[in-house]
Amino acid sequence: FTSTPEAYQALGSSSYLGPSIYRRIYEDTSDGVTNWKDTRTHMLIRYFNRERVLERLAEIVKAGIDLVVSVHPLINHLLTEALDDIFDEGDGKPSGRVPVVTVVTDLNSAHASWFNPEVDALFVPSPDLYNVALECKVPRERLHLCGLPVREGFWSTAPQLKRKEAQERLALPKVHYPGVVLLM
């Protein structure tokens with residue numbers, strides 16, 4: 001996983017190939033796909049990363065963990081498969097596997113790679129994604145509709161500033177038309 005940040009930077013950069021590669025991967029695996037493991041993209045990711053994931057997880061399990069929480073879609077299927085291999089006692093039936101939980105962080109639409117039927121629990125933020133998870137064969141008893149988890153600082157119910165007060169406080173130009181702020 002040591003090269004993952006660089007890979008993301010390359011895929012998301014403003015370079016000529018980055019966005020087109022990322023778009024191609026997404027489009028190749030998003031149109032009506034309900035089983036991410038059957039896609040060419042997953043097979044490539046698995047081929048190039050399986051051994052490293054297995055080695056790293058074996059180290060982590062040996063050190064002692066109680067739970068794996070995934071908040072990234074592309075690794076979910078690899079995690080459960082690697083943990084099954086680690087906990088397999090030779091009969092092909094893993095026992096005592098460390099539980100894997102996925103928290104979907106996309107709000108109303110999500111890539112099929114989020115929805116691994118083999119995770120122990122899958123937390124989704126919206127009814128739409130709950131239904132997508134069902135289409136992807138995630139067992140209903142493992143699905144939890146809970147909204148999008150946010151840190152406590154966003155829980156405030158204090159009254160919001162009026163536009164004029166916010167503009168003054170944030171040293172924004174005083175305009176009367178709607179303003180938009182995009183954070184990415």
# chains A, B, ... in the order shown; residues from 1 in each chain; ligands from 1
$ residues_around --residues "Asn35 of chain A" --least-positions-apart "2" --cutoff "8 Å" --atoms "only C-alpha atoms" --output "number ranges by chain"
A: 33, 37-39, 112-113, 136
$ select_by_dssp --residues "segment 15-147 of chain A" --states "strand (DSSP E)" --output "list in words"
Val68, Val69, Ser70, Val100, Val101, Thr102, Val103, Ala121, Leu122, Phe123, Val124, Leu143, His144 and Leu145 of chain A
$ write_last_selection --atoms "all heavy atoms" --output "compact mmCIF listing (two decimals), in the first residue's frame"
# COMPACT_ATOMS: atom_id res chain seq x y z
N VAL A 68 -11.92 -4.99 11.30
CA VAL A 68 -11.42 -4.22 10.17
C VAL A 68 -12.58 -3.34 9.70
O VAL A 68 -13.67 -3.85 9.43
CB VAL A 68 -10.96 -5.13 9.01
CG1 VAL A 68 -10.58 -4.28 7.80
CG2 VAL A 68 -9.80 -6.01 9.43
N VAL A 69 -12.34 -2.03 9.63
CA VAL A 69 -13.35 -1.09 9.13
C VAL A 69 -12.83 -0.51 7.83
O VAL A 69 -11.76 0.10 7.80
CB VAL A 69 -13.62 0.04 10.15
CG1 VAL A 69 -14.65 1.03 9.58
CG2 VAL A 69 -14.09 -0.52 11.47
N SER A 70 -13.58 -0.71 6.76
CA SER A 70 -13.19 -0.21 5.45
C SER A 70 -14.05 0.99 5.07
O SER A 70 -15.27 0.94 5.18
CB SER A 70 -13.37 -1.31 4.40
OG SER A 70 -13.17 -0.78 3.10
N VAL A 100 -15.22 -7.90 9.26
CA VAL A 100 -14.97 -6.79 8.35
C VAL A 100 -16.26 -5.98 8.22
O VAL A 100 -17.32 -6.53 7.95
CB VAL A 100 -14.53 -7.28 6.96
CG1 VAL A 100 -14.33 -6.10 6.01
CG2 VAL A 100 -13.26 -8.11 7.05
N VAL A 101 -16.14 -4.68 8.43
CA VAL A 101 -17.27 -3.77 8.35
C VAL A 101 -16.94 -2.72 7.29
O VAL A 101 -15.83 -2.21 7.25
CB VAL A 101 -17.50 -3.07 9.71
CG1 VAL A 101 -18.54 -1.99 9.61
CG2 VAL A 101 -17.89 -4.09 10.76
N THR A 102 -17.90 -2.41 6.45
CA THR A 102 -17.72 -1.36 5.44
C THR A 102 -18.67 -0.22 5.75
O THR A 102 -19.86 -0.44 6.00
CB THR A 102 -18.00 -1.89 4.02
OG1 THR A 102 -17.07 -2.93 3.73
CG2 THR A 102 -17.86 -0.80 2.99
N VAL A 103 -18.15 1.00 5.71
CA VAL A 103 -18.95 2.21 5.87
C VAL A 103 -18.91 2.93 4.53
O VAL A 103 -17.86 3.44 4.13
CB VAL A 103 -18.40 3.12 6.99
CG1 VAL A 103 -19.25 4.38 7.12
CG2 VAL A 103 -18.33 2.37 8.31
N ALA A 121 -20.78 -6.54 8.19
CA ALA A 121 -21.78 -5.46 8.30
C ALA A 121 -21.46 -4.41 7.26
O ALA A 121 -20.29 -4.14 6.96
CB ALA A 121 -21.75 -4.84 9.70
N LEU A 122 -22.51 -3.84 6.70
CA LEU A 122 -22.37 -2.79 5.70
C LEU A 122 -23.28 -1.63 6.10
O LEU A 122 -24.49 -1.81 6.21
CB LEU A 122 -22.76 -3.31 4.32
CG LEU A 122 -22.64 -2.32 3.17
CD1 LEU A 122 -21.19 -2.04 2.85
CD2 LEU A 122 -23.34 -2.86 1.93
N PHE A 123 -22.67 -0.48 6.35
CA PHE A 123 -23.41 0.71 6.76
C PHE A 123 -23.56 1.64 5.56
O PHE A 123 -22.58 2.01 4.93
CB PHE A 123 -22.67 1.44 7.90
CG PHE A 123 -22.62 0.63 9.15
CD1 PHE A 123 -21.59 -0.27 9.38
CD2 PHE A 123 -23.62 0.75 10.10
CE1 PHE A 123 -21.55 -1.04 10.53
CE2 PHE A 123 -23.59 -0.01 11.27
CZ PHE A 123 -22.56 -0.91 11.47
N VAL A 124 -24.82 1.96 5.23
CA VAL A 124 -25.10 2.82 4.08
C VAL A 124 -25.81 4.08 4.55
O VAL A 124 -26.55 4.07 5.53
CB VAL A 124 -25.95 2.08 3.01
CG1 VAL A 124 -25.17 0.93 2.41
CG2 VAL A 124 -27.26 1.58 3.58
N LEU A 143 -27.10 -5.38 6.53
CA LEU A 143 -27.24 -3.99 6.08
C LEU A 143 -27.75 -3.10 7.19
O LEU A 143 -28.68 -3.46 7.92
CB LEU A 143 -28.23 -3.92 4.92
CG LEU A 143 -27.67 -4.14 3.54
CD1 LEU A 143 -28.80 -4.18 2.53
CD2 LEU A 143 -26.67 -3.09 3.17
N HIS A 144 -27.17 -1.92 7.28
CA HIS A 144 -27.58 -0.95 8.31
C HIS A 144 -27.69 0.43 7.66
O HIS A 144 -26.69 0.98 7.20
CB HIS A 144 -26.56 -0.91 9.45
CG HIS A 144 -26.31 -2.26 10.04
ND1 HIS A 144 -27.14 -2.82 10.98
CD2 HIS A 144 -25.34 -3.18 9.78
CE1 HIS A 144 -26.68 -4.02 11.30
NE2 HIS A 144 -25.59 -4.27 10.58
N LEU A 145 -28.90 0.96 7.63
CA LEU A 145 -29.15 2.30 7.11
C LEU A 145 -28.95 3.27 8.27
O LEU A 145 -29.70 3.26 9.24
CB LEU A 145 -30.58 2.40 6.56
CG LEU A 145 -31.02 3.75 6.04
CD1 LEU A 145 -30.15 4.21 4.89
CD2 LEU A 145 -32.48 3.68 5.59
$ residues_around --residues "Gly96 of chain A" --least-positions-apart "4" --cutoff "12 Å" --atoms "only C-alpha atoms" --output "ChimeraX atom specification"
/A:61,66-67,83-89,100
$ write_last_selection --atoms "C-alpha atoms" --output "compact mmCIF listing (two decimals), in the first residue's frame"
# COMPACT_ATOMS: atom_id res chain seq x y z
CA VAL A 61 -3.78 -10.16 12.47
CA ASP A 66 -10.59 -7.12 16.69
CA LEU A 67 -12.20 -5.53 13.65
CA LEU A 83 -8.85 -12.79 5.77
CA ASP A 84 -10.63 -15.97 4.68
CA ASP A 85 -7.27 -17.31 3.49
CA ILE A 86 -5.55 -16.34 6.74
CA PHE A 87 -8.22 -18.01 8.89
CA ASP A 88 -8.63 -21.10 6.69
CA GLU A 89 -7.62 -24.19 8.66
CA VAL A 100 -14.97 -6.79 8.35
$ atom_distance --atom1 "atom CA of Ile65 of chain A" --atom2 "atom CA of Glu51 of chain A"
19.7 Å
$ closest_residue --among "A:Asn131, A:Pro149, A:Glu81, A:Leu74" --to "Thr105 of chain A" --atoms "only C-alpha atoms"
A:Pro149
